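As provided, query20.cif (mmCIF, C-alpha atoms) reads as follows.
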```cif
data_coords
#
loop_
_atom_site.label_atom_id
_atom_site.label_comp_id
_atom_site.auth_asym_id
_atom_site.auth_seq_id
_atom_site.Cartn_x
_atom_site.Cartn_y
_atom_site.Cartn_z
CA MET A 1 -34.71 13.51 21.65
CA ALA A 2 -32.14 16.30 21.85
CA VAL A 3 -32.36 19.28 19.48
CA LEU A 4 -29.20 19.75 17.46
CA GLU A 5 -27.92 23.25 18.13
CA LYS A 6 -24.13 23.02 18.22
CA VAL A 7 -21.38 21.01 16.50
CA ALA A 8 -17.65 20.62 17.17
CA LYS A 9 -15.24 21.68 14.44
CA ARG A 10 -12.03 19.76 13.76
CA ASN A 11 -10.04 22.21 15.84
CA GLY A 12 -12.34 21.56 18.82
CA LYS A 13 -14.21 24.85 18.58
CA ILE A 14 -17.96 24.61 19.29
CA VAL A 15 -20.08 26.52 16.74
CA ASP A 16 -23.77 26.92 15.87
CA PHE A 17 -25.24 24.11 13.79
CA ASP A 18 -26.30 25.19 10.29
CA LYS A 19 -28.53 22.78 8.33
CA ASP A 20 -28.01 24.79 5.13
CA LYS A 21 -24.41 23.57 5.02
CA ILE A 22 -25.69 19.99 4.81
CA VAL A 23 -28.15 20.95 2.08
CA ASN A 24 -25.41 22.67 0.11
CA ALA A 25 -23.01 19.73 0.49
CA ILE A 26 -25.62 17.22 -0.73
CA PHE A 27 -26.78 19.46 -3.58
CA LYS A 28 -23.22 20.14 -4.73
CA ALA A 29 -22.50 16.39 -4.85
CA ALA A 30 -25.75 15.83 -6.78
CA VAL A 31 -24.85 18.53 -9.32
CA GLU A 32 -21.53 16.77 -9.93
CA VAL A 33 -23.47 13.75 -11.26
CA GLY A 34 -26.16 15.69 -13.15
CA GLY A 35 -28.73 16.31 -10.38
CA GLU A 36 -30.81 19.52 -10.33
CA ASP A 37 -33.36 19.02 -7.52
CA ARG A 38 -32.38 21.17 -4.55
CA ARG A 39 -35.64 20.26 -2.81
CA LEU A 40 -34.52 16.63 -2.71
CA ALA A 41 -31.27 17.78 -1.09
CA GLU A 42 -33.33 19.57 1.57
CA ILE A 43 -35.39 16.42 2.25
CA LEU A 44 -32.23 14.33 2.62
CA ALA A 45 -30.73 16.99 4.88
CA ASP A 46 -33.78 16.73 7.15
CA LYS A 47 -33.17 12.98 7.43
CA VAL A 48 -29.54 13.63 8.31
CA VAL A 49 -30.53 16.08 11.04
CA HIS A 50 -33.07 13.59 12.40
CA GLN A 51 -30.43 10.86 12.66
CA LEU A 52 -27.99 13.22 14.32
CA GLU A 53 -30.60 14.26 16.88
CA LEU A 54 -31.48 10.64 17.63
CA SER A 55 -27.84 9.88 18.41
CA GLN A 56 -27.15 13.16 20.22
CA GLY A 57 -25.90 12.59 23.77
CA ASN A 58 -26.89 14.72 26.73
CA SER A 59 -23.59 16.57 26.91
CA ALA A 60 -21.47 15.56 23.93
CA TYR A 61 -21.46 17.46 20.67
CA HIS A 62 -21.47 15.88 17.24
CA THR A 63 -18.33 16.56 15.24
CA VAL A 64 -18.11 17.62 11.62
CA GLU A 65 -16.91 14.08 10.85
CA ASP A 66 -20.07 12.66 12.49
CA VAL A 67 -22.22 14.85 10.28
CA GLN A 68 -20.38 13.79 7.14
CA ASP A 69 -20.65 10.12 8.09
CA ILE A 70 -24.43 10.41 8.43
CA ILE A 71 -24.66 12.23 5.09
CA GLU A 72 -22.88 9.33 3.39
CA LYS A 73 -25.10 6.81 5.13
CA GLU A 74 -28.35 8.58 4.22
CA LEU A 75 -27.34 9.05 0.58
CA ILE A 76 -26.49 5.39 0.17
CA GLU A 77 -29.58 4.12 1.99
CA ALA A 78 -31.79 6.42 -0.07
CA GLY A 79 -30.41 4.88 -3.27
CA HIS A 80 -28.33 7.85 -4.39
CA ALA A 81 -25.13 5.89 -4.96
CA ARG A 82 -23.65 8.25 -7.57
CA THR A 83 -24.25 11.28 -5.38
CA ALA A 84 -22.77 9.41 -2.41
CA LYS A 85 -19.68 8.67 -4.46
CA ALA A 86 -19.28 12.32 -5.43
CA PHE A 87 -19.64 13.34 -1.78
CA ILE A 88 -17.10 10.74 -0.62
CA LEU A 89 -14.58 11.92 -3.19
CA TYR A 90 -15.19 15.57 -2.28
CA ARG A 91 -14.78 14.76 1.42
CA HIS A 92 -11.57 12.84 0.83
CA ASP A 93 -10.28 15.69 -1.34
CA ARG A 94 -10.93 18.25 1.39
CA ASN A 95 -9.34 16.07 4.07
CA LYS A 96 -6.27 15.45 1.96
CA ARG A 97 -5.82 19.12 1.15
CA ARG A 98 -6.29 20.03 4.80
CA GLU A 99 -3.59 17.58 5.89
CA GLU A 100 -1.22 18.81 3.22
CA SER A 101 -1.80 22.41 4.27
CA GLU A 102 -1.28 21.64 7.94
CA HIS A 103 2.03 19.90 7.28
CA GLN A 104 3.12 22.29 4.52
CA LYS A 105 3.62 19.41 2.12
CA LEU A 106 1.46 20.55 -0.78
CA ASN A 107 4.42 20.68 -3.14
CA PHE A 108 6.70 18.21 -1.37
CA ASP A 109 8.30 15.90 -3.92
CA GLY A 110 8.34 13.01 -1.46
CA ASN A 111 4.55 12.64 -1.51
CA ILE A 112 2.65 10.26 -3.75
CA PRO A 113 0.96 12.66 -6.23
CA TYR A 114 -2.56 13.38 -5.08
CA LYS A 115 -3.88 12.70 -8.59
CA LYS A 116 -2.74 9.08 -8.21
CA ILE A 117 -4.42 8.75 -4.81
CA TRP A 118 -7.63 10.21 -6.21
CA GLN A 119 -7.59 7.71 -9.08
CA VAL A 120 -7.28 4.80 -6.65
CA LEU A 121 -10.06 6.14 -4.43
CA ASN A 122 -12.28 6.77 -7.43
CA TRP A 123 -11.74 3.20 -8.63
CA SER A 124 -12.51 1.82 -5.16
CA VAL A 125 -15.78 3.72 -4.98
CA ASP A 126 -16.74 2.64 -8.51
CA HIS A 127 -16.09 -1.02 -7.65
CA ASN A 128 -17.79 -0.95 -4.25
CA CYS A 129 -14.74 -1.87 -2.18
CA TYR A 130 -13.88 1.39 -0.44
CA SER A 131 -14.62 0.16 3.09
CA ILE A 132 -14.51 -2.96 5.23
CA GLU A 133 -18.30 -2.92 5.18
CA LYS A 134 -18.40 -2.96 1.38
CA ILE A 135 -15.84 -5.75 1.13
CA ASN A 136 -17.89 -7.78 3.60
CA GLU A 137 -20.92 -7.19 1.40
CA ARG A 138 -19.08 -8.51 -1.64
CA ILE A 139 -18.22 -11.68 0.26
CA LYS A 140 -21.79 -12.13 1.46
CA ASN A 141 -23.46 -11.44 -1.90
CA GLY A 142 -21.11 -13.73 -3.83
CA THR A 143 -19.26 -11.07 -5.84
CA TYR A 144 -15.89 -11.51 -4.11
CA PRO A 145 -14.45 -13.62 -6.99
CA GLN A 146 -15.49 -10.88 -9.40
CA LEU A 147 -13.67 -8.35 -7.22
CA VAL A 148 -10.49 -10.41 -7.61
CA LYS A 149 -10.86 -10.17 -11.40
CA GLU A 150 -11.54 -6.43 -11.31
CA VAL A 151 -8.51 -5.73 -9.11
CA THR A 152 -6.29 -7.90 -11.31
CA GLU A 153 -7.35 -6.00 -14.42
CA LYS A 154 -6.61 -2.66 -12.74
CA TYR A 155 -3.15 -3.74 -11.63
CA ASP A 156 -2.29 -5.27 -15.01
CA ALA A 157 -3.31 -2.05 -16.80
CA ASP A 158 -1.06 -0.03 -14.49
CA VAL A 159 1.89 -2.33 -15.26
CA GLU A 160 1.21 -2.12 -18.99
CA GLU A 161 1.23 1.67 -18.86
CA ALA A 162 4.64 1.62 -17.18
CA ALA A 163 5.96 -0.70 -19.89
CA ARG A 164 4.75 1.67 -22.60
CA LYS A 165 6.69 4.51 -21.02
CA ILE A 166 9.87 2.43 -21.02
CA ILE A 167 9.41 1.44 -24.65
CA ALA A 168 8.94 5.11 -25.55
CA ARG A 169 12.55 5.70 -24.39
CA GLU A 170 13.94 3.06 -26.72
CA GLY A 171 17.70 3.12 -27.08
CA LYS A 172 18.27 5.17 -23.93
CA VAL A 173 17.09 3.07 -20.99
CA ARG A 174 19.54 0.34 -19.94
CA ILE A 175 18.28 -0.18 -16.39
CA VAL A 176 14.72 -0.30 -15.04
CA ILE A 177 14.56 0.18 -11.29
CA VAL A 178 11.47 -1.19 -9.54
CA ALA A 179 11.50 0.36 -6.08
CA GLY A 180 9.12 0.61 -3.18
CA PRO A 181 8.69 -0.23 0.49
CA SER A 182 8.76 -3.76 1.81
CA SER A 183 6.09 -6.13 0.45
CA SER A 184 4.59 -3.58 -1.92
CA GLY A 185 4.82 -6.00 -4.86
CA LYS A 186 8.17 -5.16 -6.41
CA THR A 187 9.16 -8.66 -7.49
CA THR A 188 5.96 -9.59 -9.27
CA THR A 189 5.80 -6.17 -10.87
CA THR A 190 9.35 -6.57 -12.13
CA ILE A 191 8.49 -9.92 -13.70
CA LYS A 192 5.35 -8.57 -15.35
CA ILE A 193 7.16 -5.52 -16.69
CA GLY A 194 9.63 -7.98 -18.16
CA GLU A 195 6.84 -9.89 -19.87
CA HIS A 196 5.56 -6.76 -21.57
CA LEU A 197 8.97 -5.64 -22.74
CA LYS A 198 9.84 -9.09 -24.01
CA ALA A 199 6.72 -8.98 -26.17
CA HIS A 200 8.26 -5.92 -27.83
CA GLY A 201 11.52 -7.64 -28.65
CA TYR A 202 13.59 -6.92 -25.57
CA GLU A 203 15.46 -9.55 -23.63
CA LEU A 204 15.52 -8.81 -19.94
CA VAL A 205 18.07 -9.64 -17.27
CA SER A 206 17.13 -9.47 -13.61
CA MET A 207 19.78 -8.61 -11.05
CA GLU A 208 18.55 -9.65 -7.59
CA LEU A 209 20.10 -7.19 -5.17
CA ASP A 210 19.14 -9.36 -2.18
CA ASN A 211 22.16 -11.44 -3.20
CA TYR A 212 24.41 -8.51 -2.29
CA PHE A 213 23.70 -8.54 1.46
CA PHE A 214 26.77 -8.67 3.65
CA ASP A 215 27.13 -11.85 5.70
CA LEU A 216 24.95 -11.71 8.81
CA GLU A 217 27.93 -11.72 11.14
CA HIS A 218 28.81 -8.24 9.88
CA HIS A 219 25.40 -6.77 10.78
CA PRO A 220 25.02 -4.87 14.08
CA LYS A 221 22.47 -6.04 16.65
CA ASP A 222 20.11 -3.96 18.77
CA GLU A 223 19.04 -4.46 22.39
CA PHE A 224 16.68 -7.26 21.28
CA GLY A 225 19.39 -9.13 19.39
CA ASP A 226 17.75 -8.36 16.00
CA TYR A 227 19.69 -7.84 12.77
CA ASP A 228 18.81 -4.88 10.57
CA PHE A 229 18.43 -5.90 6.94
CA GLU A 230 16.50 -2.77 6.04
CA VAL A 231 19.19 -0.10 5.70
CA PRO A 232 20.91 0.32 2.31
CA GLU A 233 24.25 -0.15 4.02
CA ALA A 234 23.28 -3.76 4.74
CA LEU A 235 24.07 -4.26 1.04
CA ASP A 236 27.49 -4.18 -0.53
CA LEU A 237 26.93 -0.89 -2.38
CA GLU A 238 30.46 -0.73 -3.70
CA LEU A 239 30.19 -4.15 -5.33
CA ILE A 240 26.72 -3.33 -6.70
CA ASN A 241 27.97 -0.17 -8.37
CA GLN A 242 31.01 -1.93 -9.75
CA HIS A 243 28.83 -4.65 -11.25
CA LEU A 244 26.34 -2.14 -12.70
CA ALA A 245 29.10 -0.14 -14.36
CA ASP A 246 30.66 -3.32 -15.75
CA LEU A 247 27.33 -4.55 -17.12
CA ILE A 248 26.59 -1.23 -18.86
CA ALA A 249 30.09 -1.39 -20.35
CA GLY A 250 29.38 -4.86 -21.76
CA LYS A 251 31.56 -6.76 -19.31
CA THR A 252 30.73 -10.04 -17.56
CA ILE A 253 30.18 -10.05 -13.80
CA GLN A 254 29.96 -12.86 -11.25
CA MET A 255 26.76 -12.29 -9.23
CA PRO A 256 26.87 -13.78 -5.72
CA HIS A 257 24.14 -15.87 -4.06
CA TYR A 258 22.82 -15.10 -0.57
CA ASP A 259 21.21 -17.69 1.70
CA PHE A 260 18.75 -16.03 4.12
CA LYS A 261 18.44 -19.07 6.32
CA SER A 262 22.17 -19.20 7.04
CA GLY A 263 22.68 -15.44 6.72
CA LYS A 264 25.69 -15.88 4.46
CA LYS A 265 26.70 -15.78 0.83
CA ARG A 266 26.95 -19.26 -0.57
CA THR A 267 30.65 -19.97 -0.73
CA GLY A 268 31.91 -20.47 -4.25
CA GLU A 269 28.46 -19.99 -5.82
CA THR A 270 28.15 -17.18 -8.35
CA THR A 271 26.21 -16.62 -11.55
CA PRO A 272 27.92 -15.06 -14.57
CA MET A 273 25.95 -12.20 -16.10
CA LYS A 274 26.49 -10.03 -19.16
CA LEU A 275 24.26 -7.30 -20.56
CA GLU A 276 23.99 -7.42 -24.33
CA ASP A 277 23.00 -4.47 -26.53
CA ASN A 278 19.39 -5.66 -26.86
CA GLN A 279 19.01 -6.33 -23.14
CA ILE A 280 17.70 -4.19 -20.29
CA LEU A 281 18.70 -4.78 -16.68
CA LEU A 282 15.87 -4.89 -14.13
CA LEU A 283 16.55 -4.10 -10.50
CA ASP A 284 13.94 -5.11 -7.93
CA SER A 285 15.02 -3.38 -4.74
CA LEU A 286 13.66 -1.85 -1.58
CA HIS A 287 16.29 0.87 -1.99
CA GLY A 288 16.32 1.30 -5.76
CA LEU A 289 15.73 5.05 -5.46
CA TYR A 290 18.60 5.51 -3.01
CA ALA A 291 21.11 7.44 -5.11
CA PRO A 292 24.31 5.67 -3.89
CA MET A 293 22.75 2.37 -4.96
CA THR A 294 23.16 3.15 -8.69
CA SER A 295 25.50 6.15 -8.71
CA SER A 296 27.77 4.51 -11.28
CA VAL A 297 25.04 4.74 -13.96
CA GLU A 298 23.95 7.96 -15.71
CA ASP A 299 20.40 9.09 -14.90
CA GLU A 300 19.25 9.08 -18.53
CA LYS A 301 19.98 5.36 -18.70
CA LYS A 302 17.68 4.59 -15.75
CA PHE A 303 13.88 4.31 -15.66
CA LYS A 304 12.60 4.56 -12.08
CA LEU A 305 9.37 2.80 -11.20
CA TYR A 306 7.80 3.05 -7.74
CA ILE A 307 5.15 0.73 -6.33
CA GLU A 308 3.14 1.20 -3.14
CA THR A 309 -0.02 -0.30 -1.64
CA LEU A 310 -2.13 2.82 -2.14
CA CYS A 311 -5.02 1.25 -0.25
CA GLN A 312 -8.15 3.42 -0.09
CA ILE A 313 -10.29 1.31 2.23
CA ARG A 314 -11.99 2.62 5.36
CA ASP A 315 -12.22 0.69 8.60
CA LYS A 316 -15.31 0.52 10.81
CA GLU A 317 -14.42 3.89 12.35
CA GLY A 318 -14.30 5.57 8.95
CA GLU A 319 -10.50 5.89 8.95
CA PHE A 320 -8.46 4.83 5.94
CA ILE A 321 -6.50 1.64 6.56
CA ARG A 322 -2.78 2.31 6.68
CA TRP A 323 -0.71 1.12 3.77
CA THR A 324 1.96 -0.20 6.10
CA ASP A 325 -0.58 -2.49 7.80
CA ILE A 326 -1.35 -4.14 4.47
CA ARG A 327 2.33 -4.65 3.82
CA ILE A 328 3.19 -6.10 7.22
CA LEU A 329 0.47 -8.72 6.73
CA ARG A 330 1.93 -9.62 3.35
CA ARG A 331 5.38 -9.91 4.81
CA MET A 332 4.19 -12.05 7.69
CA VAL A 333 2.77 -14.57 5.24
CA ARG A 334 5.76 -14.49 2.92
CA ASP A 335 8.39 -14.62 5.66
CA SER A 336 6.77 -17.69 7.16
CA TRP A 337 7.40 -19.82 4.08
CA HIS A 338 10.25 -18.03 2.31
CA ARG A 339 12.60 -16.92 5.10
CA GLY A 340 11.70 -19.25 7.94
CA TYR A 341 10.37 -16.43 10.17
CA ASN A 342 7.19 -16.71 12.19
CA PRO A 343 4.66 -13.81 12.23
CA ARG A 344 5.81 -12.67 15.67
CA GLN A 345 9.36 -12.16 14.45
CA THR A 346 8.13 -10.15 11.47
CA LEU A 347 6.02 -7.91 13.71
CA GLU A 348 8.84 -7.30 16.17
CA HIS A 349 11.21 -6.43 13.33
CA TRP A 350 8.82 -4.06 11.53
CA HIS A 351 10.01 -0.89 13.27
CA TYR A 352 13.29 -1.35 11.40
CA VAL A 353 11.39 -1.63 8.14
CA ARG A 354 9.45 1.59 8.72
CA ARG A 355 12.51 3.50 9.88
CA SER A 356 14.40 2.55 6.75
CA GLU A 357 11.46 3.36 4.47
CA ILE A 358 11.07 6.80 5.97
CA GLN A 359 14.78 7.54 5.73
CA HIS A 360 15.76 5.91 2.45
CA ILE A 361 12.65 5.50 0.26
CA ILE A 362 9.94 8.11 0.88
CA PRO A 363 12.21 11.14 0.30
CA PHE A 364 12.94 9.98 -3.26
CA VAL A 365 9.43 9.21 -4.53
CA GLY A 366 9.38 12.54 -6.38
CA THR A 367 12.22 11.38 -8.65
CA VAL A 368 10.37 8.45 -10.26
CA ASP A 369 9.04 8.08 -13.80
CA HIS A 370 5.91 6.07 -12.94
CA ILE A 371 3.95 4.99 -9.85
CA ILE A 372 2.03 1.71 -9.68
CA ASP A 373 -0.70 0.97 -7.16
CA GLY A 374 0.06 -2.42 -5.66
CA SER A 375 -2.93 -2.56 -3.31
CA LEU A 376 -5.40 -5.45 -3.66
CA PRO A 377 -8.76 -4.64 -2.03
CA TYR A 378 -9.60 -8.34 -1.81
CA GLU A 379 -6.53 -9.45 0.14
CA LEU A 380 -7.47 -8.55 3.72
CA PRO A 381 -10.11 -11.31 4.13
CA ILE A 382 -7.48 -13.87 3.08
CA TYR A 383 -4.96 -12.56 5.60
CA LYS A 384 -7.58 -12.79 8.33
CA HIS A 385 -7.98 -16.49 7.50
CA ILE A 386 -4.22 -17.10 7.51
CA LEU A 387 -3.06 -14.80 10.30
CA GLY A 388 -6.10 -13.87 12.37
CA LYS A 389 -5.40 -16.45 15.07
CA TYR A 390 -2.08 -14.81 16.01
CA PHE A 391 -3.18 -11.26 16.76
CA PRO A 392 -5.12 -11.74 20.02
CA ASP A 393 -1.94 -13.15 21.56
CA PHE A 394 0.18 -10.35 20.08
CA VAL A 395 -2.10 -7.72 21.60
CA LYS A 396 -2.10 -9.47 24.98
CA ASP A 397 1.64 -10.10 25.08
CA TYR A 398 2.76 -6.61 24.02
CA LYS A 399 0.18 -4.42 25.74
CA ASP A 400 2.16 -3.88 28.93
CA ASN A 401 5.65 -4.31 27.49
CA PRO A 402 7.20 -0.81 27.24
CA LYS A 403 9.88 -2.07 24.86
CA ARG A 404 7.34 -3.48 22.40
CA GLN A 405 4.85 -0.64 22.14
CA ASP A 406 5.43 -0.30 18.40
CA ALA A 407 4.48 -3.95 17.95
CA TYR A 408 1.47 -3.54 20.26
CA ILE A 409 0.09 -0.51 18.41
CA ARG A 410 0.36 -2.25 15.05
CA ALA A 411 -1.07 -5.51 16.34
CA LYS A 412 -4.01 -3.77 18.01
CA ARG A 413 -4.79 -1.78 14.87
CA ILE A 414 -4.80 -4.92 12.72
CA GLN A 415 -6.78 -6.89 15.31
CA ASP A 416 -9.46 -4.18 15.20
CA ILE A 417 -9.61 -4.51 11.40
CA PHE A 418 -9.92 -8.30 11.60
CA ASP A 419 -12.67 -8.04 14.23
CA SER A 420 -14.97 -6.27 11.75
CA LEU A 421 -13.90 -8.23 8.66
CA GLU A 422 -15.31 -11.37 7.09
CA GLU A 423 -12.64 -13.96 6.23
CA TRP A 424 -12.14 -15.70 2.90
CA THR A 425 -10.87 -19.27 2.93
CA ASP A 426 -10.86 -20.37 -0.73
CA THR A 427 -7.49 -19.56 -2.31
CA SER A 428 -7.80 -22.10 -5.13
CA TYR A 429 -6.63 -21.11 -8.59
CA ASP A 430 -10.25 -20.76 -9.69
CA ILE A 431 -10.54 -17.81 -7.33
CA ILE A 432 -6.96 -16.54 -7.02
CA PRO A 433 -5.15 -17.19 -10.34
CA ASN A 434 -1.58 -18.44 -10.25
CA ASN A 435 -0.11 -15.35 -11.90
CA VAL A 436 -1.53 -12.57 -9.71
CA LEU A 437 0.41 -10.33 -7.35
CA LEU A 438 -1.06 -11.91 -4.21
CA ARG A 439 0.66 -15.20 -5.03
CA GLU A 440 4.00 -13.51 -4.26
CA TYR A 441 2.94 -13.70 -0.62
CA ILE A 442 0.58 -16.66 -0.16
CA GLY A 443 2.48 -18.97 -2.54
CA GLY A 444 1.34 -21.00 -5.53
CA SER A 445 2.58 -18.60 -8.19
CA ILE A 446 3.77 -19.55 -11.65
CA TYR A 447 6.63 -17.15 -11.05
CA LYS A 448 9.80 -18.05 -9.21
CA TYR A 449 10.73 -15.69 -6.36
#
```

The structure in this file should be written as structure tokens.
Amino acid sequence: MAVLEKVAKRNGKIVDFDKDKIVNAIFKAAVEVGGEDRRLAEILADKVVHQLELSQGNSAYHTVEDVQDIIEKELIEAGHARTAKAFILYRHDRNKRREESEHQKLNFDGNIPYKKIWQVLNWSVDHNCYSIEKINERIKNGTYPQLVKEVTEKYDADVEEAARKIIAREGKVRIVIVAGPSSSGKTTTTIKIGEHLKAHGYELVSMELDNYFFDLEHHPKDEFGDYDFEVPEALDLELINQHLADLIAGKTIQMPHYDFKSGKKRTGETTPMKLEDNQILLLDSLHGLYAPMTSSVEDEKKFKLYIETLCQIRDKEGEFIRWTDIRILRRMVRDSWHRGYNPRQTLEHWHYVRRSEIQHIIPFVGTVDHIIDGSLPYELPIYKHILGKYFPDFVKDYKDNPKRQDAYIRAKRIQDIFDSLEEWTDTSYDIIPNNVLLREYIGGSIYKY
């Protein structure tokens, strides 16, 4: 068994190993939850060192991340769950601050506020769903249905808080904008916000901006022959602004209808709409924060709500699962039954989605009034059941295709997640209620989308 003498820092520098740093890290986490026994921290540190030495290769050095992983493992296996949680949160805090410092984004308005991320992580640790391993455990020990209930309660409370903020601006807000990247949960959130406001005497009117797409024949194609629906300019911004101004002024508009399967507005089909004094207009839009989208309305009359899948779940390698991977899985499922696309088409089109999000959504997150976490820690096992069969072929087909490397990288990343994940097959209403956010994607909702 090799003696641990050196470790590799994150910058690659090799430095002397110092066991006292492990003792201090464990003891500090214990103090956070009321612990006072430094000797116990020393005993646990000895166990960590022993495990590191057992796994030490002949030439390779352990990294700081390796050390921290073993600390987490030993704390949990020794029954110190609260201390483990404090250490996990501390570790995530340090990593997040380090990334922000490296990219000089500590005060960048485009970031999701770190306080919100910390709240989501804290909740995930408290409810034992902060990693693939823990979610697998909840499936195996029979507590997966309870996880669905816990996640639903968290999401509903977040929506209710947003509604309270809107009500607090009574008499001023005429438009509520629910914005966010693709498949983050905007439509369901809009409906649920509407339910809360209606309970307080407001009548809500939803203006579906998807109906304002230009006819498909007017969209440019790329080298693959794909149409780009993701840029704001794919929408008739001039008509949107005209209709918004008319609605605020009490006029009646004729809202068009767009047919995604034909790629055209339905000829001669419009819906008259008028905003009364006791009504609030709700806009559910990918680009709701894009200023030209609502430039005809004064800022004080708008309440901006942002939703994102702030997933805080680690994969088998200890890395946090990317939010965009959650959303592409949602969209694959939804597109298959709502827009007539197969999962392959959705994957090949996703680079457009990400490009548009980065250009037209992320820069404006700092302007919003409230942020909702739309992540559902129980959803991945369901997507494995529905979509898992497709990804081995995706990985194989795109691996050596230089023009599809974006699709390959995403497919491989998701395939790796699925490989270590248990699947869940029961999507009956007893398990997944008919009014939850997930139903926006897998179908069977009481809401009409």

What's the separation between CA of Gln345 in chain A and CA of Thr427 in chain A, in Å to one decimal place? 24.9 Å

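Against this structure, the PyMOL selection byres ((chain A and resi 421) around 7) ends up with Ile132, Asn136, Pro381, Ile417, Phe418, Asp419, Ser420, Glu422 and Glu423 of chain A.
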
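The shortest atom-to-atom distance to Asp46 in chain A, with only C-alpha atoms taken into account, belongs to A:Ile26 out of A:Ile26, A:Leu437, A:Val31, A:Val64.
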
Using all atoms listed in the file, which protein or nucleic acid residues come within 12 Å of Trp350 in chain A? Drop anything in the same chain fewer than 2 positions from it, and give the result as a PyMOL selection string. chain A and resi 181-183+226-230+324-325+327-329+331-332+343-348+352-357+404-411

What residues come out when you apply the PyMOL selection byres ((chain A and resi 34-39) around 12) to this file, written as a ChimeraX atom specification? /A:20,22-33,40-46,80,82-83,86

For the file shown, report as a VMD selection string the outcome of the PyMOL selection byres ((chain A and resi 426) around 12) at residue level. chain A and resid 139 144 to 145 379 381 to 383 385 to 386 423 to 425 427 to 433

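Restricting the calculation to all atoms listed in the file, the smallest distance between Lys73 in chain A and any of A:Lys115, A:Lys85, A:Arg164, A:Lys389 is found for A:Lys85.
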
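Proximity of A:Ala84, A:Ile280, A:Leu244, A:Ala179 to Ile71 in chain A, computed with only C-alpha atoms, is greatest for A:Ala84.
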
How would range 398-402 of chain A of the given structure read as a file with all heavy atoms, as a tab-separated table (two decimals), in the first residue's frame?
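Saved as result-v1.tsv:
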```tsv
chain	number	residue	atom	x	y	z
A	398	TYR	N	-23.31	9.54	-34.31
A	398	TYR	CA	-22.72	10.88	-34.35
A	398	TYR	C	-21.23	10.91	-34.00
A	398	TYR	O	-20.58	11.93	-34.22
A	398	TYR	CB	-23.45	11.82	-33.40
A	398	TYR	CG	-24.92	12.03	-33.75
A	398	TYR	CD1	-25.89	11.97	-32.75
A	398	TYR	CD2	-25.32	12.28	-35.05
A	398	TYR	CE1	-27.23	12.18	-33.05
A	398	TYR	CE2	-26.65	12.47	-35.36
A	398	TYR	CZ	-27.61	12.41	-34.36
A	398	TYR	OH	-28.93	12.61	-34.66
A	399	LYS	N	-20.72	9.82	-33.46
A	399	LYS	CA	-19.35	9.84	-32.93
A	399	LYS	C	-18.33	10.30	-33.95
A	399	LYS	O	-17.45	11.12	-33.65
A	399	LYS	CB	-18.99	8.45	-32.40
A	399	LYS	CG	-17.60	8.39	-31.78
A	399	LYS	CD	-17.31	7.02	-31.20
A	399	LYS	CE	-15.92	7.00	-30.57
A	399	LYS	NZ	-15.61	5.67	-29.99
A	400	ASP	N	-18.42	9.81	-35.16
A	400	ASP	CA	-17.42	10.12	-36.18
A	400	ASP	C	-17.93	11.09	-37.24
A	400	ASP	O	-17.34	11.21	-38.32
A	400	ASP	CB	-16.95	8.83	-36.85
A	400	ASP	CG	-16.25	7.90	-35.86
A	400	ASP	OD1	-15.50	8.40	-35.01
A	400	ASP	OD2	-16.49	6.68	-35.94
A	401	ASN	N	-19.01	11.77	-36.93
A	401	ASN	CA	-19.58	12.75	-37.87
A	401	ASN	C	-19.14	14.15	-37.45
A	401	ASN	O	-19.63	14.68	-36.46
A	401	ASN	CB	-21.10	12.65	-37.87
A	401	ASN	CG	-21.75	13.54	-38.92
A	401	ASN	OD1	-21.13	14.50	-39.41
A	401	ASN	ND2	-22.99	13.25	-39.28
A	402	PRO	N	-18.20	14.76	-38.14
A	402	PRO	CA	-17.67	16.07	-37.72
A	402	PRO	C	-18.71	17.17	-37.70
A	402	PRO	O	-18.56	18.17	-36.99
A	402	PRO	CB	-16.57	16.35	-38.75
A	402	PRO	CG	-16.94	15.52	-39.94
A	402	PRO	CD	-17.59	14.29	-39.40
```
